[in-house]
Structure formats: C-alpha cells, structure tokens
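Structure file query33.pdb (PDB, C-alpha atoms and all ligand atoms) is printed below.
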MODEL        1
ATOM      1  CA  MET A1078      -8.216   3.865  -5.875  1.00  0.00           C
ATOM      2  CA  GLU A1079      -4.659   4.899  -5.121  1.00  0.00           C
ATOM      3  CA  ARG A1080      -1.902   3.284  -3.044  1.00  0.00           C
ATOM      4  CA  THR A1081       0.886   4.769  -0.963  1.00  0.00           C
ATOM      5  CA  LEU A1082       3.894   3.554   1.008  1.00  0.00           C
ATOM      6  CA  VAL A1083       3.882   4.426   4.690  1.00  0.00           C
ATOM      7  CA  LEU A1084       6.892   3.787   6.904  1.00  0.00           C
ATOM      8  CA  LEU A1085       6.544   3.809  10.689  1.00  0.00           C
ATOM      9  CA  LYS A1086      10.046   4.997  11.536  1.00  0.00           C
ATOM     10  CA  PRO A1087      12.308   3.730  14.331  1.00  0.00           C
ATOM     11  CA  ASP A1088      11.125   6.434  16.757  1.00  0.00           C
ATOM     12  CA  CYS A1089       7.516   5.318  16.199  1.00  0.00           C
ATOM     13  CA  VAL A1090       8.411   1.686  16.969  1.00  0.00           C
ATOM     14  CA  GLN A1091      10.550   2.595  19.988  1.00  0.00           C
ATOM     15  CA  ARG A1092       7.893   4.918  21.419  1.00  0.00           C
ATOM     16  CA  ARG A1093       5.191   2.205  21.151  1.00  0.00           C
ATOM     17  CA  LEU A1094       3.113   4.385  18.829  1.00  0.00           C
ATOM     18  CA  MET A1095       2.644   1.822  16.049  1.00  0.00           C
ATOM     19  CA  GLY A1096      -0.905   0.837  17.034  1.00  0.00           C
ATOM     20  CA  GLU A1097      -1.986   4.427  17.613  1.00  0.00           C
ATOM     21  CA  ILE A1098      -0.805   5.536  14.183  1.00  0.00           C
ATOM     22  CA  ILE A1099      -2.028   2.495  12.245  1.00  0.00           C
ATOM     23  CA  SER A1100      -5.381   3.132  13.910  1.00  0.00           C
ATOM     24  CA  ARG A1101      -5.498   6.671  12.439  1.00  0.00           C
ATOM     25  CA  PHE A1102      -5.323   5.261   8.915  1.00  0.00           C
ATOM     26  CA  GLU A1103      -7.827   2.486   9.665  1.00  0.00           C
ATOM     27  CA  THR A1104     -10.395   4.780  11.259  1.00  0.00           C
ATOM     28  CA  LYS A1105     -10.044   7.210   8.331  1.00  0.00           C
ATOM     29  CA  GLY A1106     -11.348   4.362   6.168  1.00  0.00           C
ATOM     30  CA  PHE A1107      -8.157   3.344   4.377  1.00  0.00           C
ATOM     31  CA  ASN A1108      -7.265  -0.276   3.669  1.00  0.00           C
ATOM     32  CA  VAL A1109      -3.972  -1.709   4.925  1.00  0.00           C
ATOM     33  CA  ILE A1110      -3.091  -4.105   2.113  1.00  0.00           C
ATOM     34  CA  ALA A1111       0.516  -5.008   3.067  1.00  0.00           C
ATOM     35  CA  MET A1112       2.579  -4.654   6.238  1.00  0.00           C
ATOM     36  CA  LYS A1113       5.937  -5.905   7.525  1.00  0.00           C
ATOM     37  CA  MET A1114       8.534  -5.113  10.176  1.00  0.00           C
ATOM     38  CA  LEU A1115      12.117  -4.930   8.940  1.00  0.00           C
ATOM     39  CA  GLN A1116      15.520  -3.496   9.654  1.00  0.00           C
ATOM     40  CA  VAL A1117      16.457  -0.895   7.023  1.00  0.00           C
ATOM     41  CA  THR A1118      20.010  -1.460   5.745  1.00  0.00           C
ATOM     42  CA  PRO A1119      22.297   1.410   4.682  1.00  0.00           C
ATOM     43  CA  GLU A1120      21.810   0.226   1.071  1.00  0.00           C
ATOM     44  CA  LEU A1121      18.005   0.376   1.331  1.00  0.00           C
ATOM     45  CA  ALA A1122      18.229   3.760   3.103  1.00  0.00           C
ATOM     46  CA  LYS A1123      20.269   5.162   0.188  1.00  0.00           C
ATOM     47  CA  GLN A1124      17.691   3.860  -2.306  1.00  0.00           C
ATOM     48  CA  HIS A1125      14.722   5.127  -0.325  1.00  0.00           C
ATOM     49  CA  TYR A1126      16.243   8.548   0.330  1.00  0.00           C
ATOM     50  CA  ALA A1127      18.062   8.812  -3.032  1.00  0.00           C
ATOM     51  CA  GLU A1128      17.057  12.477  -3.389  1.00  0.00           C
ATOM     52  CA  HIS A1129      18.629  13.303   0.005  1.00  0.00           C
ATOM     53  CA  VAL A1130      21.867  11.262  -0.187  1.00  0.00           C
ATOM     54  CA  GLU A1131      23.983  14.308  -1.064  1.00  0.00           C
ATOM     55  CA  LYS A1132      22.401  16.573   1.545  1.00  0.00           C
ATOM     56  CA  PRO A1133      24.320  17.522   4.703  1.00  0.00           C
ATOM     57  CA  PHE A1134      21.706  15.914   6.964  1.00  0.00           C
ATOM     58  CA  TYR A1135      21.823  12.532   5.168  1.00  0.00           C
ATOM     59  CA  PRO A1136      24.417  10.784   7.413  1.00  0.00           C
ATOM     60  CA  GLY A1137      22.277  11.527  10.478  1.00  0.00           C
ATOM     61  CA  LEU A1138      19.126  10.455   8.631  1.00  0.00           C
ATOM     62  CA  GLU A1139      20.726   7.137   7.629  1.00  0.00           C
ATOM     63  CA  GLU A1140      21.946   6.508  11.172  1.00  0.00           C
ATOM     64  CA  PHE A1141      18.432   7.181  12.471  1.00  0.00           C
ATOM     65  CA  ILE A1142      16.484   5.129   9.920  1.00  0.00           C
ATOM     66  CA  THR A1143      18.821   2.114  10.258  1.00  0.00           C
ATOM     67  CA  GLY A1144      19.019   2.386  14.065  1.00  0.00           C
ATOM     68  CA  ALA A1145      16.002   0.212  14.975  1.00  0.00           C
ATOM     69  CA  PRO A1146      13.282  -1.699  13.113  1.00  0.00           C
ATOM     70  CA  VAL A1147      10.632   0.052  11.031  1.00  0.00           C
ATOM     71  CA  VAL A1148       7.193  -1.053   9.871  1.00  0.00           C
ATOM     72  CA  ALA A1149       6.474  -0.686   6.158  1.00  0.00           C
ATOM     73  CA  MET A1150       2.849  -0.552   5.060  1.00  0.00           C
ATOM     74  CA  CYS A1151       1.070  -0.262   1.768  1.00  0.00           C
ATOM     75  CA  ILE A1152      -2.307   1.403   2.208  1.00  0.00           C
ATOM     76  CA  GLU A1153      -5.062   2.009  -0.301  1.00  0.00           C
ATOM     77  CA  GLY A1154      -7.876   4.517  -0.656  1.00  0.00           C
ATOM     78  CA  LEU A1155      -9.298   7.409  -2.671  1.00  0.00           C
ATOM     79  CA  ASP A1156      -6.787  10.244  -3.151  1.00  0.00           C
ATOM     80  CA  ILE A1157      -4.715   8.541  -0.454  1.00  0.00           C
ATOM     81  CA  ILE A1158      -1.306  10.045  -1.320  1.00  0.00           C
ATOM     82  CA  ARG A1159      -2.492  13.600  -0.665  1.00  0.00           C
ATOM     83  CA  VAL A1160      -4.725  12.707   2.254  1.00  0.00           C
ATOM     84  CA  VAL A1161      -2.028  10.745   4.118  1.00  0.00           C
ATOM     85  CA  ARG A1162       0.489  13.590   3.644  1.00  0.00           C
ATOM     86  CA  ASP A1163      -2.136  15.943   5.096  1.00  0.00           C
ATOM     87  CA  MET A1164      -2.713  13.541   7.990  1.00  0.00           C
ATOM     88  CA  LEU A1165       1.047  13.502   8.760  1.00  0.00           C
ATOM     89  CA  GLY A1166       1.406  17.297   8.820  1.00  0.00           C
ATOM     90  CA  ALA A1167       4.557  19.350   8.184  1.00  0.00           C
ATOM     91  CA  THR A1168       7.946  17.560   8.158  1.00  0.00           C
ATOM     92  CA  ASN A1169       9.080  19.217  11.382  1.00  0.00           C
ATOM     93  CA  GLY A1170       6.864  18.134  14.263  1.00  0.00           C
ATOM     94  CA  LEU A1171       7.291  21.595  15.811  1.00  0.00           C
ATOM     95  CA  ASN A1172       5.646  23.145  12.730  1.00  0.00           C
ATOM     96  CA  ALA A1173       2.987  20.482  12.162  1.00  0.00           C
ATOM     97  CA  ALA A1174      -0.582  21.564  12.891  1.00  0.00           C
ATOM     98  CA  ALA A1175      -2.291  20.247  16.006  1.00  0.00           C
ATOM     99  CA  GLY A1176      -4.503  17.329  15.060  1.00  0.00           C
ATOM    100  CA  THR A1177      -2.011  15.959  12.547  1.00  0.00           C
ATOM    101  CA  ILE A1178       0.046  12.899  13.507  1.00  0.00           C
ATOM    102  CA  ARG A1179       3.321  14.818  13.740  1.00  0.00           C
ATOM    103  CA  GLY A1180       1.575  17.802  15.315  1.00  0.00           C
ATOM    104  CA  ASP A1181       0.205  15.565  18.048  1.00  0.00           C
ATOM    105  CA  TYR A1182       3.183  13.263  18.684  1.00  0.00           C
ATOM    106  CA  SER A1183       6.449  14.731  17.343  1.00  0.00           C
ATOM    107  CA  SER A1184       8.613  17.672  18.357  1.00  0.00           C
ATOM    108  CA  SER A1185      11.462  16.952  15.942  1.00  0.00           C
ATOM    109  CA  ARG A1186      12.429  17.442  12.289  1.00  0.00           C
ATOM    110  CA  GLN A1187      14.263  14.114  12.007  1.00  0.00           C
ATOM    111  CA  MET A1188      12.227  12.048  14.453  1.00  0.00           C
ATOM    112  CA  ASN A1189       8.928  12.763  12.781  1.00  0.00           C
ATOM    113  CA  LEU A1190       7.531   9.242  13.277  1.00  0.00           C
ATOM    114  CA  VAL A1191       6.131   8.460   9.846  1.00  0.00           C
ATOM    115  CA  HIS A1192       7.152   8.677   6.195  1.00  0.00           C
ATOM    116  CA  ALA A1193       4.627   8.690   3.356  1.00  0.00           C
ATOM    117  CA  SER A1194       5.209   8.881  -0.404  1.00  0.00           C
ATOM    118  CA  ASP A1195       4.892  12.411  -1.800  1.00  0.00           C
ATOM    119  CA  GLY A1196       3.440  11.571  -5.231  1.00  0.00           C
ATOM    120  CA  PRO A1197       2.327   8.723  -7.506  1.00  0.00           C
ATOM    121  CA  GLU A1198       5.816   8.069  -8.929  1.00  0.00           C
ATOM    122  CA  ALA A1199       7.402   8.007  -5.474  1.00  0.00           C
ATOM    123  CA  ALA A1200       4.617   5.708  -4.223  1.00  0.00           C
ATOM    124  CA  ASP A1201       5.231   3.265  -7.054  1.00  0.00           C
ATOM    125  CA  ARG A1202       9.006   3.329  -6.572  1.00  0.00           C
ATOM    126  CA  GLU A1203       8.853   3.068  -2.768  1.00  0.00           C
ATOM    127  CA  MET A1204       6.260   0.257  -2.708  1.00  0.00           C
ATOM    128  CA  LYS A1205       8.587  -1.756  -4.974  1.00  0.00           C
ATOM    129  CA  LEU A1206      11.518  -1.118  -2.613  1.00  0.00           C
ATOM    130  CA  TYR A1207       9.676  -2.625   0.361  1.00  0.00           C
ATOM    131  CA  PHE A1208       7.251  -5.165  -1.128  1.00  0.00           C
ATOM    132  CA  ASP A1209       7.224  -7.901  -3.680  1.00  0.00           C
ATOM    133  CA  PRO A1210       3.948  -7.767  -5.678  1.00  0.00           C
ATOM    134  CA  THR A1211       3.004 -11.154  -4.155  1.00  0.00           C
ATOM    135  CA  GLU A1212       3.006  -9.550  -0.683  1.00  0.00           C
ATOM    136  CA  ILE A1213       0.257  -7.050  -1.557  1.00  0.00           C
ATOM    137  CA  CYS A1214      -3.168  -8.324  -0.455  1.00  0.00           C
ATOM    138  CA  PRO A1215      -5.940  -6.043  -1.771  1.00  0.00           C
ATOM    139  CA  TYR A1216      -9.453  -6.841  -0.539  1.00  0.00           C
ATOM    140  CA  GLU A1217     -12.889  -5.257  -0.520  1.00  0.00           C
ATOM    141  CA  PRO A1218     -13.945  -4.494   3.061  1.00  0.00           C
ATOM    142  CA  THR A1219     -17.562  -5.400   3.804  1.00  0.00           C
ATOM    143  CA  LEU A1220     -17.845  -1.940   5.424  1.00  0.00           C
ATOM    144  CA  THR A1221     -17.310  -0.091   2.114  1.00  0.00           C
ATOM    145  CA  PRO A1222     -20.997   0.878   1.673  1.00  0.00           C
ATOM    146  CA  TRP A1223     -20.814   2.587   5.093  1.00  0.00           C
ATOM    147  CA  LEU A1224     -17.602   4.464   4.295  1.00  0.00           C
ATOM    148  CA  LYS A1225     -18.510   6.152   0.998  1.00  0.00           C
ATOM    149  CA  ALA A1226     -21.339   6.496  -1.487  1.00  0.00           C
ATOM    150  CA  GLY A1227     -21.372   4.311  -4.590  1.00  0.00           C
ATOM    151  CA  ASP A1228     -20.431   7.202  -6.912  1.00  0.00           C
ATOM    152  CA  GLU A1229     -17.441   8.385  -4.833  1.00  0.00           C
TER     153      GLU A1229
HETATM  154  P1  LIG B1301      10.589  12.073   5.420  1.00  0.00           P
HETATM  155  O1  LIG B1301       9.188  12.478   5.106  1.00  0.00           O
HETATM  156  O2  LIG B1301      10.831  10.647   5.741  1.00  0.00           O
HETATM  157  O3  LIG B1301      11.554  12.491   4.230  1.00  0.00           O
HETATM  158  C1  LIG B1301      12.919  12.770   4.398  1.00  0.00           C
HETATM  159  C2  LIG B1301      13.310  12.850   5.844  1.00  0.00           C
HETATM  160  O4  LIG B1301      14.527  13.520   6.103  1.00  0.00           O
HETATM  161  C3  LIG B1301      12.257  13.661   6.582  1.00  0.00           C
HETATM  162  O5  LIG B1301      11.084  12.938   6.693  1.00  0.00           O
HETATM  163  C4  LIG B1301      12.988  13.969   7.867  1.00  0.00           C
HETATM  164  O6  LIG B1301      12.961  12.880   8.771  1.00  0.00           O
HETATM  165  C5  LIG B1301      14.417  14.143   7.362  1.00  0.00           C
HETATM  166  N1  LIG B1301      14.771  15.547   7.151  1.00  0.00           N
HETATM  167  C6  LIG B1301      14.265  16.402   6.260  1.00  0.00           C
HETATM  168  N2  LIG B1301      14.892  17.600   6.338  1.00  0.00           N
HETATM  169  C7  LIG B1301      15.831  17.462   7.305  1.00  0.00           C
HETATM  170  C8  LIG B1301      16.811  18.329   7.834  1.00  0.00           C
HETATM  171  N3  LIG B1301      16.952  19.596   7.373  1.00  0.00           N
HETATM  172  N4  LIG B1301      17.581  17.856   8.827  1.00  0.00           N
HETATM  173  C9  LIG B1301      17.435  16.607   9.286  1.00  0.00           C
HETATM  174  N5  LIG B1301      16.532  15.706   8.793  1.00  0.00           N
HETATM  175  C10 LIG B1301      15.734  16.145   7.826  1.00  0.00           C
ENDMDL
END

Could I get this structure in the form of structure tokens?
Ligand code: CMP
Amino acid sequence: MERTLVLLKPDCVQRRLMGEIISRFETKGFNVIAMKMLQVTPELAKQHYAEHVEKPFYPGLEEFITGAPVVAMCIEGLDIIRVVRDMLGATNGLNAAAGTIRGDYSSSRQMNLVHASDGPEAADREMKLYFDPTEICPYEPTLTPWLKAGDE
C-alpha cells in the first residue's frame, strides 16, 4: 500500500468540483484516510512549492494557491502515486487527455484543479506539511474483497 498527498486547489473549491473529484478517487477504489479544508499561507506555499520558488511563474502560483481555501487529502492504495498522477493528466489542462480530471475540467496551466505528489519522497514530505500523524485514519474497507484479489 502506498499513500499520496492530493490538494484540491482554490479553483476546484470555487468551481464546486470538490465532490466530483473526490468521487473519482473513491470510485477508483482508493481510501481517503485524511482530509481537511485550510487556507494556504505564503509560508506553506513556499514550503510546498520549494522547487518552484525561484521560477518566474512562482509569484502568480503563490497568489493563486493562497487566494481561497484548499482541501488537502491523504489517500491510500496500490501504486497510488503513479495512478493518481495518471488520473490527473498533463499539468496544462489544454494538453491533458480527455477522460483525465484536468482533461475533462481544466483549460489552464495554473488553474489545473488538483495537485498530487510526484514520487514517494515528495508524498512523504507533502503529507507531513499538511497533516500531523495523529490526523491520518487508515482503515480496512469492508469492500476490499470486491475491489481486488487477495494476491494483488
Ligand atoms: P502542480 O502539479 O500543483 O505543481 C506545480 C504547479 O505550478 C502546477 O501544478 C501548475 O499549477 C503550476 N505551473 C507549472 N508550470 C507553470 C508555468 N509555466 N506557469 C504557471 N504555472 C505553472
């Protein structure tokens, strides 16, 4: 089992797409094991996007991500980091394949609705930025035998 950090960005909250997008992860069979709404501060934005802080687009990105509440989620499942990135599609909604979340709902590079960790180290670092370990609530869904075989 693997975990990843998913952030429903301010455009997702403002466009009333939270339920729609959470539903994609639930119907895929992934477990939501932590979730909270919060206002990202400039300090948290700089920590989260540390690799982008020096890039020319960072000021606009910070203004966007701190401009309205976000929903942070920790979700769990097999190979989830790769699968969730595939479900999101390309960074720019205009390039994202139809059927992906961004391909279906976004037509922007910045307002691309959802962030997801891009690897195990990022997932670990980002989950710690948004959640205290006591806020993570893993559980075994009773549906598990209907979602995958015992040896998967
Ligand atoms: P995300 O997956 O959250 O990771 C970094 C974010 O920066 C990305 O989604 C986009 O929202 C944004 N981003 C990436 N590249 C650019 C760019 N060239 N111009 C503006 N925003 C960008």

Quick one: which chain A residues come within 6 Å of ligand LIG 1301 (chain B), and what is the nearest atom pair for each with the distance in Å to one decimal, counting all atoms listed in the file, rows ordered by chain and ascending number, as CSV?
residue,atom,partner,partner_atom,distance
A:Phe1134,CA,B:LIG1301,C9,4.9
A:Leu1138,CA,B:LIG1301,N5,5.9
A:Thr1168,CA,B:LIG1301,O5,5.8
A:Arg1186,CA,B:LIG1301,C4,5.7
A:Gln1187,CA,B:LIG1301,O6,3.7
A:Met1188,CA,B:LIG1301,O6,5.8
A:Asn1189,CA,B:LIG1301,O6,5.7
A:His1192,CA,B:LIG1301,O2,4.2

When you look at region 1140-1153 of chain A with a cut-off of 6 Å (counting all atoms listed in the file), what residues show up, excluding the ones that are within fewer than 5 positions of it in the same chain? I need them as a count of residues only. 21

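We find CA of Asp1163 (chain A) and CA of Val1191 (chain A) to be spaced 12.1 Å apart.
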
Quick check, in Å to one decimal: how far apart do CA of Gln1091 (chain A) and CA of Ala1199 (chain A) lie?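 Computing it gives 26.2 Å between the two atoms.
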
Shortest interatomic distance to Tyr1126 (chain A) - which of A:Thr1211, A:Thr1104, A:Ser1194, A:Ser1183, counting all atoms listed in the file: A:Ser1194

Out of A:Leu1155, A:Ile1099, A:Ala1127, A:Val1090, which residue has the shortest atom-to-atom distance to Thr1221 (chain A) when counting only C-alpha atoms? A:Leu1155

Mind giving me the straight-line distance from CA of His1125 (chain A) to CA of Leu1206 (chain A) in Å, one decimal? 7.4 Å

Residue neighbourhood Gln1124 (chain A), 10 Å, only C-alpha atoms, exclusion window fewer than 4 positions, as number ranges by chain: A: 1118-1120, 1128-1130, 1202-1203, 1206

Export of prior selection with C-alpha atoms as a PDB file, in the frame of the given file:
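And here is the file that came out, result_23.pdb:
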ATOM      1  CA  THR A1118      20.010  -1.460   5.745  1.00  0.00           C
ATOM      2  CA  PRO A1119      22.297   1.410   4.682  1.00  0.00           C
ATOM      3  CA  GLU A1120      21.810   0.226   1.071  1.00  0.00           C
ATOM      4  CA  GLU A1128      17.057  12.477  -3.389  1.00  0.00           C
ATOM      5  CA  HIS A1129      18.629  13.303   0.005  1.00  0.00           C
ATOM      6  CA  VAL A1130      21.867  11.262  -0.187  1.00  0.00           C
ATOM      7  CA  ARG A1202       9.006   3.329  -6.572  1.00  0.00           C
ATOM      8  CA  GLU A1203       8.853   3.068  -2.768  1.00  0.00           C
ATOM      9  CA  LEU A1206      11.518  -1.118  -2.613  1.00  0.00           C
TER      10      LEU A1206
END

Would you compute an axis-aligned box for region 1177-1194 of chain A, covering every atom listed for it in the file with 8 Å of margin on each side, and report centre and edge lengths in Å to one decimal as JSON?
{"center_x": 6.1, "center_y": 13.1, "center_z": 9.1, "size_x": 32.3, "size_y": 25.3, "size_z": 35.1}

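Residue neighbourhood of Arg1159 (chain A), excluding near-sequence residues (fewer than 3 positions): Asp1156, Arg1162, Asp1163, Met1164, Asp1195 and Gly1196 of chain A, at 9 Å, using only C-alpha atoms.
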